[in-house]
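Just below is one structure, and these are the notes that go with it.
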Amino acid sequence: MKTSHLLAGIAAFALIATPAAAQKSPEAIAEATLKRAPVFDGHNDVPWALRDHVGNVINDFDFQDTTDTAKPDASPPEIAMHTDLNRLRKGRVGAQFWSVYVPSNSNEPQAIQQTLEQIDVAKRLIARYPADLSLARNSAELEAQMKAGKVAGMLGIEGGHSIGSSLAVLREMHELGVRYMTLTHGKNTSWADSATDTLAHDGLTDFGRQVVREMNRIGMIVDLSHVSEATMKDALETSHAPVMFSHSGVRAINDFARNVPDSVLPAVKANGGIIMVVFLPAFLDADVMANGAARTAEKARLAALHPGDPAAVETKLKAWEAANPARPVGPGKIADHIDHIRKTIGIDHIGLGGDYDGMPSGPVGMEDVAGYPALFVELARRGYTQAELEKIASGNMLRVLKAAESYGTSQKGQSPIETPVVK
């Protein structure tokens with residue numbers, strides 16, 4: 001055999017023996033992934049951005065392109081929105097949980113009203129763009145809408161204050177299309193502890209456990225982002241259906257209270273739940289988190305030094321920010337959190353919850369919803385297979401959604417949990 005023929009044969013054998021993933025570039029793997037499995041993101045705050053920017057007056061609002069929505073002269077200044085139809089398409093987003101967030105509020109009737117207003121504006125926005133957006137009431141509708149090329153939507157409540165400590169309100173929110181509820185936001189409720197408030201209940205109260213059970217019964221997903229470690233553990237112990245963390249990191253990479261500790265990860269695996277990794281740089285990176293804390297302290301110091309002179313505070317704070325810039329964070333830091341979850345509890349428990357329009361900016365190269373492909377390229381560079389990436393993009397979240405629905409279906413014969421109303 002001639003040497004040239006021998007070398008050609010060896011090369012051909014090597015090509016056959018090489019795994020398909022190794023024959024593709026990271027960019028090609030990411031592209032193939034997102035073509036087969038568009039992103040199903042766990043948390044986007046567009047409804048709140050609409051309330052903040054235009055007071056929910058959207059009949060003439062252009063959601064095709066929101067890049068010009070910054071209001072630098074407003075008090076406080078408003079950044080441009082992170083989300084619009086053009087960038088959702090560029091980011092390969094196929095499904096989105098739209099958060100109907102309202103701030104933590106001990107005035108529960110007011111919180112309920114505001115939440116209803118946010119549900120209304122989310123539905124009206126979706127209705128204005130029927131060729132591009134849709135609202136799904138279940139996983140079958142969502143998958144059909146994704147296959148039709150739309151950005152399929154579901155609604156998520158961000159904080160138990162939005163149900164006013166009422167299981168009746170919880171059930172009616174579900175009837176309106178809400179498919180998950182985060183048990184707390186930044187403050188405790190009367191029945192659950194938040195990760196960022198003074199602990200009051202050591203997790204869930206008896207009523208808090210009833211909330212979890214009733215959410216299971218009606219097929220609503222229990223979301224544990226924002227809750228304390230004890231609340232995480234109590235909810236995981238109580239829930240018969242998979243839970244989600246709609247937008248959280250892991251404390252092993254950045255030891256922030258909002259992130260999930262390693263002590264909770266095995267219970268997430270046993271429960272079949274999912275951690276949808278957040279993109280907010282301060283949650284991802286310890287140095288960025290420390291920079292934010294230092295900025296908060298400096299702002300308080302300047303306010304004390306210049307009482308009644310907010311202009312001076314703002315000018316000096318901008319000078320401090322220029323002298324103390326936060327370290328840039330790129331897609332690699334998100335991938336670090338994903339790596340840890342995969343190593344600890346496996347690929348089946350990872351999703352993405354960007355928190356766009358609920359933070360100042362995403363990481364460098366992922367500043368807005370157009371940036372998801374950059375993360376998939378980074379993960380492919382780290383050796384993630386296309387099958388693994390498809391699970392992260394949307395497969396795992398679809399599994400959790402279907403499991404919550406299935407458990408709810410199995411409970412159709414069970415009566416609603418009742419609690420007496422105040423006369």
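The chains in the structure tokens are called A, B, ... from first to last as shown; in each chain the residues are counted from 1, and the ligands are counted from 1 in the order shown.
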Filtered DSSP result for stretch 43-255 of chain A, state strand (DSSP E or B), as a ChimeraX atom specification: /A:43-44,71,78,93-99,133-135,151-158,178-182,192,194,204,221-223,227,244-248,250
The selected residues should be written to file as a compact mmCIF listing (two decimals), in the first residue's frame (atoms: N, CA, C and O atoms).
```txt
# COMPACT_ATOMS: atom_id res chain seq x y z
N HIS A 43 -37.26 33.66 34.10
CA HIS A 43 -37.64 34.89 34.80
C HIS A 43 -37.24 36.12 33.98
O HIS A 43 -36.05 36.37 33.75
N ASN A 44 -38.24 36.90 33.58
CA ASN A 44 -38.01 38.17 32.89
C ASN A 44 -39.01 39.18 33.43
O ASN A 44 -40.20 38.89 33.55
N LYS A 71 -34.09 56.68 29.94
CA LYS A 71 -34.46 58.04 30.34
C LYS A 71 -33.41 58.54 31.34
O LYS A 71 -33.62 58.54 32.55
N GLU A 78 -33.57 56.10 34.25
CA GLU A 78 -34.05 54.78 33.83
C GLU A 78 -33.19 54.27 32.68
O GLU A 78 -32.96 54.99 31.71
N VAL A 93 -34.85 32.78 22.00
CA VAL A 93 -35.78 32.50 23.09
C VAL A 93 -37.06 31.95 22.49
O VAL A 93 -37.68 32.56 21.62
N GLY A 94 -37.48 30.78 22.98
CA GLY A 94 -38.69 30.15 22.49
C GLY A 94 -39.83 30.16 23.48
O GLY A 94 -41.00 30.01 23.10
N ALA A 95 -39.50 30.32 24.76
CA ALA A 95 -40.53 30.38 25.80
C ALA A 95 -40.01 31.21 26.95
O ALA A 95 -38.80 31.23 27.22
N GLN A 96 -40.91 31.90 27.63
CA GLN A 96 -40.52 32.83 28.68
C GLN A 96 -41.53 32.85 29.80
O GLN A 96 -42.74 33.00 29.55
N PHE A 97 -41.07 32.68 31.03
CA PHE A 97 -41.90 33.02 32.18
C PHE A 97 -41.78 34.52 32.39
O PHE A 97 -40.71 35.04 32.71
N TRP A 98 -42.90 35.23 32.19
CA TRP A 98 -42.95 36.67 32.44
C TRP A 98 -43.30 36.87 33.91
O TRP A 98 -44.34 36.42 34.38
N SER A 99 -42.45 37.56 34.65
CA SER A 99 -42.70 37.81 36.06
C SER A 99 -43.70 38.95 36.21
O SER A 99 -43.50 40.03 35.64
N LEU A 133 -45.87 36.62 19.86
CA LEU A 133 -46.00 36.23 21.26
C LEU A 133 -47.29 35.44 21.47
O LEU A 133 -48.26 35.60 20.74
N SER A 134 -47.28 34.61 22.50
CA SER A 134 -48.50 33.86 22.84
C SER A 134 -48.47 33.59 24.34
O SER A 134 -47.43 33.69 25.00
N LEU A 135 -49.64 33.24 24.87
CA LEU A 135 -49.76 32.90 26.28
C LEU A 135 -50.27 31.47 26.39
O LEU A 135 -51.32 31.14 25.82
N VAL A 151 -42.78 33.13 20.63
CA VAL A 151 -42.22 33.14 21.98
C VAL A 151 -43.38 32.85 22.91
O VAL A 151 -44.22 33.71 23.18
N ALA A 152 -43.46 31.61 23.37
CA ALA A 152 -44.58 31.18 24.21
C ALA A 152 -44.38 31.71 25.62
O ALA A 152 -43.28 31.64 26.17
N GLY A 153 -45.44 32.22 26.21
CA GLY A 153 -45.33 32.84 27.52
C GLY A 153 -46.15 32.14 28.59
O GLY A 153 -47.20 31.56 28.31
N MET A 154 -45.64 32.18 29.81
CA MET A 154 -46.39 31.84 31.00
C MET A 154 -46.11 32.92 32.04
O MET A 154 -45.12 33.66 31.92
N LEU A 155 -46.95 33.01 33.05
CA LEU A 155 -46.82 34.06 34.06
C LEU A 155 -46.32 33.47 35.37
O LEU A 155 -46.69 32.36 35.75
N GLY A 156 -45.48 34.24 36.06
CA GLY A 156 -44.99 33.84 37.37
C GLY A 156 -45.11 34.98 38.37
O GLY A 156 -44.72 36.12 38.08
N ILE A 157 -45.68 34.69 39.54
CA ILE A 157 -45.75 35.66 40.64
C ILE A 157 -44.42 35.65 41.39
O ILE A 157 -43.89 34.58 41.70
N GLU A 158 -43.89 36.83 41.71
CA GLU A 158 -42.61 36.91 42.42
C GLU A 158 -42.84 37.45 43.84
O GLU A 158 -42.61 38.61 44.12
N VAL A 178 -51.39 32.21 36.08
CA VAL A 178 -50.12 32.15 36.82
C VAL A 178 -49.72 30.69 37.01
O VAL A 178 -50.52 29.89 37.50
N ARG A 179 -48.47 30.37 36.64
CA ARG A 179 -48.04 28.97 36.69
C ARG A 179 -46.88 28.72 37.65
O ARG A 179 -46.47 27.59 37.83
N TYR A 180 -46.33 29.76 38.24
CA TYR A 180 -45.46 29.56 39.40
C TYR A 180 -45.58 30.74 40.34
O TYR A 180 -46.00 31.83 39.94
N MET A 181 -45.21 30.51 41.59
CA MET A 181 -45.13 31.59 42.56
C MET A 181 -43.86 31.44 43.37
O MET A 181 -43.58 30.37 43.94
N THR A 182 -43.07 32.52 43.42
CA THR A 182 -41.93 32.61 44.31
C THR A 182 -42.48 32.87 45.71
O THR A 182 -43.27 33.81 45.90
N ALA A 192 -43.56 32.84 55.54
CA ALA A 192 -42.32 32.30 54.98
C ALA A 192 -41.20 33.31 55.14
O ALA A 192 -41.41 34.53 55.00
N SER A 194 -37.71 35.13 54.00
CA SER A 194 -36.92 35.52 52.83
C SER A 194 -35.43 35.37 53.13
O SER A 194 -35.00 35.45 54.29
N LEU A 204 -40.89 27.84 56.87
CA LEU A 204 -42.32 27.97 56.61
C LEU A 204 -43.12 27.77 57.89
O LEU A 204 -42.79 26.93 58.72
N ILE A 221 -46.19 25.61 40.05
CA ILE A 221 -44.82 25.29 40.47
C ILE A 221 -44.42 26.18 41.65
O ILE A 221 -44.63 27.39 41.64
N VAL A 222 -43.81 25.56 42.66
CA VAL A 222 -43.27 26.26 43.82
C VAL A 222 -41.88 26.79 43.45
O VAL A 222 -40.99 26.01 43.09
N ASP A 223 -41.70 28.11 43.52
CA ASP A 223 -40.42 28.74 43.18
C ASP A 223 -39.71 29.17 44.46
O ASP A 223 -40.28 29.88 45.29
N VAL A 227 -35.96 32.83 48.78
CA VAL A 227 -36.33 32.38 50.12
C VAL A 227 -35.10 31.98 50.92
O VAL A 227 -34.03 31.72 50.37
N MET A 244 -38.84 24.75 41.51
CA MET A 244 -37.89 25.48 40.68
C MET A 244 -37.25 26.60 41.49
O MET A 244 -37.81 27.08 42.49
N PHE A 245 -36.05 26.98 41.10
CA PHE A 245 -35.43 28.24 41.50
C PHE A 245 -35.40 29.05 40.21
O PHE A 245 -34.60 28.77 39.31
N SER A 246 -36.28 30.02 40.06
CA SER A 246 -36.49 30.67 38.77
C SER A 246 -35.31 31.54 38.33
O SER A 246 -35.10 31.75 37.14
N HIS A 247 -34.53 32.04 39.29
CA HIS A 247 -33.37 32.87 38.95
C HIS A 247 -32.43 32.96 40.15
O HIS A 247 -32.48 33.89 40.91
N SER A 248 -31.57 31.96 40.27
CA SER A 248 -30.63 31.87 41.39
C SER A 248 -29.30 31.30 40.92
O SER A 248 -29.25 30.54 39.95
N VAL A 250 -25.46 29.59 42.76
CA VAL A 250 -25.10 28.66 43.84
C VAL A 250 -24.06 29.32 44.75
O VAL A 250 -23.15 30.00 44.27
```
Residue contacts of A:Gln386 (9 Å, only C-alpha atoms) excluding same-chain residues fewer than 3 positions away, as number ranges by chain: A: 21, 29-30, 32-33, 380, 389-391
Dump N, CA, C and O atoms for the selected residues as a PDB file, in the first residue's frame?
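Okay, result_35.pdb is ready:
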```pdb
ATOM      1  N   ALA A  21     -19.540  15.526  18.296  1.00  0.00           N
ATOM      2  CA  ALA A  21     -19.384  16.836  18.942  1.00  0.00           C
ATOM      3  C   ALA A  21     -17.989  17.389  18.732  1.00  0.00           C
ATOM      4  O   ALA A  21     -17.796  18.592  18.595  1.00  0.00           O
ATOM      5  N   ILE A  29     -22.121  23.840  17.592  1.00  0.00           N
ATOM      6  CA  ILE A  29     -22.872  23.077  18.589  1.00  0.00           C
ATOM      7  C   ILE A  29     -23.955  23.956  19.209  1.00  0.00           C
ATOM      8  O   ILE A  29     -25.110  23.532  19.382  1.00  0.00           O
ATOM      9  N   ALA A  30     -23.589  25.199  19.549  1.00  0.00           N
ATOM     10  CA  ALA A  30     -24.566  26.121  20.132  1.00  0.00           C
ATOM     11  C   ALA A  30     -25.709  26.390  19.165  1.00  0.00           C
ATOM     12  O   ALA A  30     -26.888  26.391  19.544  1.00  0.00           O
ATOM     13  N   ALA A  32     -26.771  24.473  16.663  1.00  0.00           N
ATOM     14  CA  ALA A  32     -27.596  23.271  16.511  1.00  0.00           C
ATOM     15  C   ALA A  32     -28.489  23.065  17.731  1.00  0.00           C
ATOM     16  O   ALA A  32     -29.652  22.664  17.617  1.00  0.00           O
ATOM     17  N   THR A  33     -27.938  23.346  18.894  1.00  0.00           N
ATOM     18  CA  THR A  33     -28.711  23.222  20.136  1.00  0.00           C
ATOM     19  C   THR A  33     -29.937  24.118  20.115  1.00  0.00           C
ATOM     20  O   THR A  33     -31.062  23.680  20.359  1.00  0.00           O
ATOM     21  N   ALA A 380     -20.296  24.865  25.323  1.00  0.00           N
ATOM     22  CA  ALA A 380     -19.787  23.904  24.336  1.00  0.00           C
ATOM     23  C   ALA A 380     -18.264  23.846  24.374  1.00  0.00           C
ATOM     24  O   ALA A 380     -17.665  22.768  24.240  1.00  0.00           O
ATOM     25  N   LEU A 389     -26.820  20.391  26.405  1.00  0.00           N
ATOM     26  CA  LEU A 389     -27.198  21.789  26.194  1.00  0.00           C
ATOM     27  C   LEU A 389     -28.688  21.934  25.906  1.00  0.00           C
ATOM     28  O   LEU A 389     -29.316  22.915  26.332  1.00  0.00           O
ATOM     29  N   GLU A 390     -29.265  20.978  25.216  1.00  0.00           N
ATOM     30  CA  GLU A 390     -30.705  21.027  24.962  1.00  0.00           C
ATOM     31  C   GLU A 390     -31.499  20.902  26.254  1.00  0.00           C
ATOM     32  O   GLU A 390     -32.558  21.532  26.409  1.00  0.00           O
ATOM     33  N   LYS A 391     -31.001  20.117  27.198  1.00  0.00           N
ATOM     34  CA  LYS A 391     -31.663  20.031  28.502  1.00  0.00           C
ATOM     35  C   LYS A 391     -31.606  21.370  29.227  1.00  0.00           C
ATOM     36  O   LYS A 391     -32.599  21.824  29.812  1.00  0.00           O
TER      37      LYS A 391
END
```
Residue with smallest distance to A:Glu321 - pool A:Ala294, A:Leu167, A:Ala403, A:Ala111, counting only C-alpha atoms: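 Closest candidate: A:Ala294.
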Contact residues around A:Val288 with only C-alpha atoms at 12 Å, ignoring same-chain residues under 4 positions, as a list in words: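 These residues fall inside the cut-off: Asn254, Asp255, Phe256, Leu280, Pro281, Ala282, Phe283, Leu284, Gly292, Ala293, Ala294, Arg295, Asn324, Pro325, Ala326, Arg327, Pro328, Val329, Gly330, Lys333 and Pro363 of chain A.
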Selection export as a compact mmCIF listing (two decimals), in the first residue's frame, atoms kept: all heavy atoms:
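Listed below is the output, part-v9.txt:
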```
# COMPACT_ATOMS: atom_id res chain seq x y z
N ASN A 254 -20.50 31.79 44.60
CA ASN A 254 -20.59 33.12 45.21
C ASN A 254 -21.48 33.02 46.44
O ASN A 254 -22.69 32.78 46.32
CB ASN A 254 -21.17 34.14 44.22
CG ASN A 254 -21.18 35.55 44.80
OD1 ASN A 254 -20.45 35.85 45.75
ND2 ASN A 254 -22.00 36.42 44.23
N ASP A 255 -20.90 33.22 47.59
CA ASP A 255 -21.59 32.99 48.87
C ASP A 255 -22.51 34.16 49.21
O ASP A 255 -22.26 34.93 50.13
CB ASP A 255 -20.57 32.77 49.98
CG ASP A 255 -21.21 32.30 51.28
OD1 ASP A 255 -22.37 31.84 51.23
OD2 ASP A 255 -20.55 32.39 52.34
N PHE A 256 -23.58 34.26 48.43
CA PHE A 256 -24.59 35.29 48.63
C PHE A 256 -25.87 34.63 49.09
O PHE A 256 -26.24 33.54 48.62
CB PHE A 256 -24.80 36.07 47.33
CG PHE A 256 -25.82 37.17 47.41
CD1 PHE A 256 -25.80 38.07 48.46
CD2 PHE A 256 -26.78 37.31 46.44
CE1 PHE A 256 -26.75 39.09 48.53
CE2 PHE A 256 -27.72 38.33 46.49
CZ PHE A 256 -27.70 39.22 47.55
N LEU A 280 -27.44 37.94 36.80
CA LEU A 280 -27.11 39.19 37.46
C LEU A 280 -25.69 39.11 38.02
O LEU A 280 -25.39 38.26 38.85
CB LEU A 280 -28.11 39.44 38.60
CG LEU A 280 -28.28 40.87 39.10
CD1 LEU A 280 -29.60 41.02 39.86
CD2 LEU A 280 -27.14 41.30 40.00
N PRO A 281 -24.77 39.98 37.55
CA PRO A 281 -23.36 39.85 37.92
C PRO A 281 -23.09 39.81 39.42
O PRO A 281 -22.22 39.06 39.87
CB PRO A 281 -22.72 41.08 37.26
CG PRO A 281 -23.54 41.29 36.03
CD PRO A 281 -24.96 41.00 36.48
N ALA A 282 -23.82 40.59 40.22
CA ALA A 282 -23.57 40.59 41.66
C ALA A 282 -23.93 39.26 42.31
O ALA A 282 -23.40 38.92 43.36
CB ALA A 282 -24.35 41.72 42.32
N PHE A 283 -24.85 38.51 41.72
CA PHE A 283 -25.19 37.18 42.23
C PHE A 283 -24.18 36.13 41.77
O PHE A 283 -24.00 35.10 42.40
CB PHE A 283 -26.58 36.75 41.78
CG PHE A 283 -27.71 37.54 42.39
CD1 PHE A 283 -27.49 38.60 43.23
CD2 PHE A 283 -29.02 37.21 42.09
CE1 PHE A 283 -28.53 39.34 43.79
CE2 PHE A 283 -30.08 37.92 42.64
CZ PHE A 283 -29.84 38.99 43.49
N LEU A 284 -23.52 36.42 40.65
CA LEU A 284 -22.59 35.47 40.05
C LEU A 284 -21.20 35.55 40.64
O LEU A 284 -20.51 34.53 40.79
CB LEU A 284 -22.50 35.70 38.54
CG LEU A 284 -23.77 35.49 37.71
CD1 LEU A 284 -23.55 35.98 36.29
CD2 LEU A 284 -24.20 34.04 37.72
N GLY A 292 -20.69 46.22 44.96
CA GLY A 292 -22.03 46.77 45.17
C GLY A 292 -22.26 47.14 46.62
O GLY A 292 -22.88 48.18 46.91
N ALA A 293 -21.77 46.31 47.55
CA ALA A 293 -21.91 46.62 48.97
C ALA A 293 -21.13 47.88 49.33
O ALA A 293 -21.60 48.73 50.11
CB ALA A 293 -21.44 45.44 49.81
N ALA A 294 -19.94 48.03 48.74
CA ALA A 294 -19.13 49.22 49.00
C ALA A 294 -19.81 50.47 48.45
O ALA A 294 -19.78 51.54 49.08
CB ALA A 294 -17.75 49.06 48.39
N ARG A 295 -20.44 50.34 47.30
CA ARG A 295 -21.16 51.49 46.72
C ARG A 295 -22.32 51.90 47.62
O ARG A 295 -22.55 53.10 47.85
CB ARG A 295 -21.69 51.14 45.33
CG ARG A 295 -22.45 52.28 44.66
CD ARG A 295 -23.14 51.82 43.39
NE ARG A 295 -23.87 52.91 42.75
CZ ARG A 295 -25.07 53.35 43.13
NH1 ARG A 295 -25.69 52.77 44.17
NH2 ARG A 295 -25.66 54.35 42.49
N ASN A 324 -13.96 53.37 41.17
CA ASN A 324 -14.10 52.01 41.71
C ASN A 324 -15.01 51.17 40.82
O ASN A 324 -16.08 50.71 41.25
CB ASN A 324 -14.66 52.06 43.13
CG ASN A 324 -13.78 52.80 44.09
OD1 ASN A 324 -12.87 52.24 44.68
ND2 ASN A 324 -14.05 54.10 44.26
N PRO A 325 -14.63 50.96 39.57
CA PRO A 325 -15.51 50.21 38.68
C PRO A 325 -15.62 48.74 39.09
O PRO A 325 -14.66 48.16 39.61
CB PRO A 325 -14.82 50.34 37.31
CG PRO A 325 -13.37 50.52 37.65
CD PRO A 325 -13.35 51.33 38.92
N ALA A 326 -16.79 48.17 38.86
CA ALA A 326 -16.97 46.75 39.12
C ALA A 326 -16.20 45.93 38.09
O ALA A 326 -16.08 46.33 36.93
CB ALA A 326 -18.45 46.39 39.07
N ARG A 327 -15.68 44.80 38.51
CA ARG A 327 -14.94 43.93 37.61
C ARG A 327 -15.89 43.37 36.54
O ARG A 327 -16.99 42.90 36.87
CB ARG A 327 -14.32 42.78 38.39
CG ARG A 327 -13.48 41.84 37.53
CD ARG A 327 -12.79 40.80 38.37
NE ARG A 327 -13.69 39.76 38.84
CZ ARG A 327 -13.29 38.68 39.50
NH1 ARG A 327 -12.01 38.55 39.80
NH2 ARG A 327 -14.15 37.77 39.88
N PRO A 328 -15.49 43.40 35.27
CA PRO A 328 -16.35 42.83 34.24
C PRO A 328 -16.56 41.33 34.46
O PRO A 328 -15.66 40.61 34.84
CB PRO A 328 -15.58 43.08 32.93
CG PRO A 328 -14.61 44.17 33.26
CD PRO A 328 -14.27 44.00 34.71
N VAL A 329 -17.79 40.89 34.22
CA VAL A 329 -18.15 39.47 34.33
C VAL A 329 -18.70 39.02 32.98
O VAL A 329 -19.56 39.70 32.40
CB VAL A 329 -19.21 39.26 35.43
CG1 VAL A 329 -19.77 37.85 35.39
CG2 VAL A 329 -18.62 39.56 36.80
N GLY A 330 -18.19 37.92 32.48
CA GLY A 330 -18.64 37.41 31.19
C GLY A 330 -19.41 36.11 31.33
O GLY A 330 -19.69 35.65 32.45
N LYS A 333 -18.59 33.12 33.96
CA LYS A 333 -19.01 33.05 35.37
C LYS A 333 -20.36 32.35 35.50
O LYS A 333 -20.58 31.61 36.47
CB LYS A 333 -19.06 34.46 35.97
CG LYS A 333 -19.35 34.48 37.46
CD LYS A 333 -18.37 33.66 38.28
CE LYS A 333 -16.99 34.26 38.35
NZ LYS A 333 -16.14 33.54 39.35
N PRO A 363 -24.17 40.05 32.02
CA PRO A 363 -22.72 40.00 31.85
C PRO A 363 -22.26 40.58 30.51
O PRO A 363 -23.06 40.75 29.58
CB PRO A 363 -22.41 38.49 31.92
CG PRO A 363 -23.56 37.90 32.67
CD PRO A 363 -24.75 38.73 32.27
```
Within 12 Å of stretch 121-131 of chain A using only C-alpha atoms, minus same-chain residues under 6 positions, as number ranges by chain: A: 44-51, 54-64, 84-85, 96-101, 114-115, 145-146, 148-157, 176-178
Atom-to-atom span, atom CA of A:Asp120 and atom CA of A:Met215, Å: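 We find that atom CA of A:Asp120 and atom CA of A:Met215 lie 21.7 Å from each other.
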Distance criterion (only C-alpha atoms): nearest to A:Lys343 out of A:Leu265, A:Ala241, A:Ala312, A:Leu88: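 Answer, going by the shortest atom-to-atom distance: A:Leu265.
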Neighbour list for A:Ser239 as an NGL selection string, cut-off 7 Å, only C-alpha atoms, skip fewer than 2 positions in-chain: :A and (212-213 or 216 or 235-237 or 241)
Polymer residues at most 12 Å from A:Ser410, only C-alpha atoms, same-chain spacing of 2 or more positions, as a list in words: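 So the residues in contact are Asn216, Arg217, Ile218, Gly219, His240, Ala241, Ala403, Ala404, Glu405, Ser406, Tyr407, Gly408, Lys412, Gly413 and Gln414 of chain A.
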Give me a file of those residues, with all heavy atoms, as a compact mmCIF listing (two decimals), in the first residue's frame.
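After the write, result_7.txt holds the following:
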```txt
# COMPACT_ATOMS: atom_id res chain seq x y z
N ASN A 216 -49.18 22.53 44.84
CA ASN A 216 -49.05 21.19 44.27
C ASN A 216 -50.39 20.70 43.72
O ASN A 216 -50.48 20.18 42.61
CB ASN A 216 -48.58 20.19 45.32
CG ASN A 216 -47.10 20.28 45.68
OD1 ASN A 216 -46.65 19.63 46.61
ND2 ASN A 216 -46.33 21.08 44.95
N ARG A 217 -51.46 20.89 44.50
CA ARG A 217 -52.77 20.34 44.14
C ARG A 217 -53.29 20.93 42.84
O ARG A 217 -53.91 20.24 42.03
CB ARG A 217 -53.78 20.56 45.27
CG ARG A 217 -55.10 19.81 45.09
CD ARG A 217 -56.16 20.27 46.10
NE ARG A 217 -56.59 21.63 45.86
CZ ARG A 217 -57.50 21.99 44.95
NH1 ARG A 217 -58.07 21.08 44.18
NH2 ARG A 217 -57.83 23.26 44.79
N ILE A 218 -53.04 22.23 42.64
CA ILE A 218 -53.57 22.89 41.44
C ILE A 218 -52.57 22.88 40.28
O ILE A 218 -52.88 23.38 39.20
CB ILE A 218 -54.03 24.33 41.74
CG1 ILE A 218 -52.87 25.21 42.21
CG2 ILE A 218 -55.16 24.32 42.77
CD1 ILE A 218 -53.26 26.67 42.47
N GLY A 219 -51.39 22.32 40.50
CA GLY A 219 -50.42 22.22 39.42
C GLY A 219 -49.58 23.47 39.21
O GLY A 219 -49.04 23.67 38.12
N HIS A 240 -44.71 17.67 46.86
CA HIS A 240 -44.79 16.38 46.18
C HIS A 240 -44.49 16.51 44.68
O HIS A 240 -44.45 15.49 43.99
CB HIS A 240 -46.19 15.77 46.36
CG HIS A 240 -46.48 15.37 47.77
ND1 HIS A 240 -45.93 14.26 48.37
CD2 HIS A 240 -47.25 15.95 48.72
CE1 HIS A 240 -46.36 14.15 49.61
NE2 HIS A 240 -47.16 15.18 49.85
N ALA A 241 -44.31 17.71 44.21
CA ALA A 241 -44.01 17.96 42.81
C ALA A 241 -42.66 18.68 42.72
O ALA A 241 -42.23 19.33 43.68
CB ALA A 241 -45.10 18.81 42.16
N ALA A 403 -44.24 17.71 35.07
CA ALA A 403 -44.38 16.95 36.31
C ALA A 403 -45.31 17.66 37.28
O ALA A 403 -46.12 17.01 37.97
CB ALA A 403 -43.01 16.74 36.96
N ALA A 404 -45.23 19.00 37.36
CA ALA A 404 -46.14 19.75 38.23
C ALA A 404 -47.58 19.61 37.74
O ALA A 404 -48.51 19.42 38.54
CB ALA A 404 -45.73 21.22 38.27
N GLU A 405 -47.76 19.68 36.43
CA GLU A 405 -49.11 19.49 35.87
C GLU A 405 -49.62 18.08 36.15
O GLU A 405 -50.80 17.89 36.50
CB GLU A 405 -49.06 19.72 34.36
CG GLU A 405 -48.83 21.17 33.95
CD GLU A 405 -48.67 21.33 32.45
OE1 GLU A 405 -48.56 20.30 31.74
OE2 GLU A 405 -48.66 22.49 31.99
N SER A 406 -48.75 17.09 35.98
CA SER A 406 -49.15 15.70 36.18
C SER A 406 -49.58 15.45 37.62
O SER A 406 -50.59 14.78 37.88
CB SER A 406 -48.00 14.76 35.81
OG SER A 406 -48.35 13.41 36.03
N TYR A 407 -48.82 16.03 38.56
CA TYR A 407 -49.22 15.85 39.96
C TYR A 407 -50.56 16.54 40.21
O TYR A 407 -51.43 15.98 40.90
CB TYR A 407 -48.16 16.40 40.92
CG TYR A 407 -48.53 16.10 42.36
CD1 TYR A 407 -48.26 14.86 42.92
CD2 TYR A 407 -49.21 17.05 43.14
CE1 TYR A 407 -48.64 14.56 44.23
CE2 TYR A 407 -49.59 16.76 44.43
CZ TYR A 407 -49.30 15.52 44.98
OH TYR A 407 -49.70 15.23 46.26
N GLY A 408 -50.75 17.73 39.67
CA GLY A 408 -52.03 18.41 39.83
C GLY A 408 -53.18 17.59 39.26
O GLY A 408 -54.26 17.50 39.87
N LYS A 412 -57.03 15.70 41.16
CA LYS A 412 -58.32 16.28 40.77
C LYS A 412 -59.45 15.91 41.73
O LYS A 412 -60.40 16.66 41.91
CB LYS A 412 -58.67 15.84 39.35
CG LYS A 412 -57.83 16.49 38.26
CD LYS A 412 -58.03 17.99 38.20
CE LYS A 412 -57.29 18.60 37.03
NZ LYS A 412 -57.39 20.08 37.02
N GLY A 413 -59.36 14.74 42.34
CA GLY A 413 -60.42 14.34 43.25
C GLY A 413 -60.28 14.89 44.65
O GLY A 413 -61.18 14.69 45.50
N GLN A 414 -59.19 15.59 44.92
CA GLN A 414 -58.95 16.14 46.26
C GLN A 414 -59.61 17.51 46.40
O GLN A 414 -59.53 18.35 45.51
CB GLN A 414 -57.45 16.26 46.52
CG GLN A 414 -56.70 14.94 46.47
CD GLN A 414 -57.17 13.98 47.54
OE1 GLN A 414 -57.38 14.35 48.69
NE2 GLN A 414 -57.37 12.72 47.15
```
Distance query A:Lys269 at most 9 Å, only C-alpha atoms, self and fewer than 5 positions along chain excluded, as an MDAnalysis selection string: chainID A and resid 274 345:346 348:349
Point-to-point distance from atom CA of A:His82 to atom CA of A:Pro38, Å rounded to tenths: 18.4 Å
Alpha helix (DSSP H) residues, from DSSP on the backbone, in stretch 177-260 of chain A, as a ChimeraX atom specification: /A:206-218,229-238
Nearest-residue call for A:Gly203, choices A:Ala323, A:Val277, A:Ala230, A:Leu224, using only C-alpha atoms: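 Among the listed residues, A:Ala230 lies closest to A:Gly203.
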Coordinates-based distance that separates atom CA of A:Arg342 from atom CA of A:Lys233 (Å, one decimal):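 Calculated distance between atom CA of A:Lys233 and atom CA of A:Arg342 is 20.2 Å.
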Nearest candidate to A:Asn396 (options A:Arg301, A:Phe40, A:Pro373, A:Glu141; using only C-alpha atoms):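 Closest candidate: A:Phe40.
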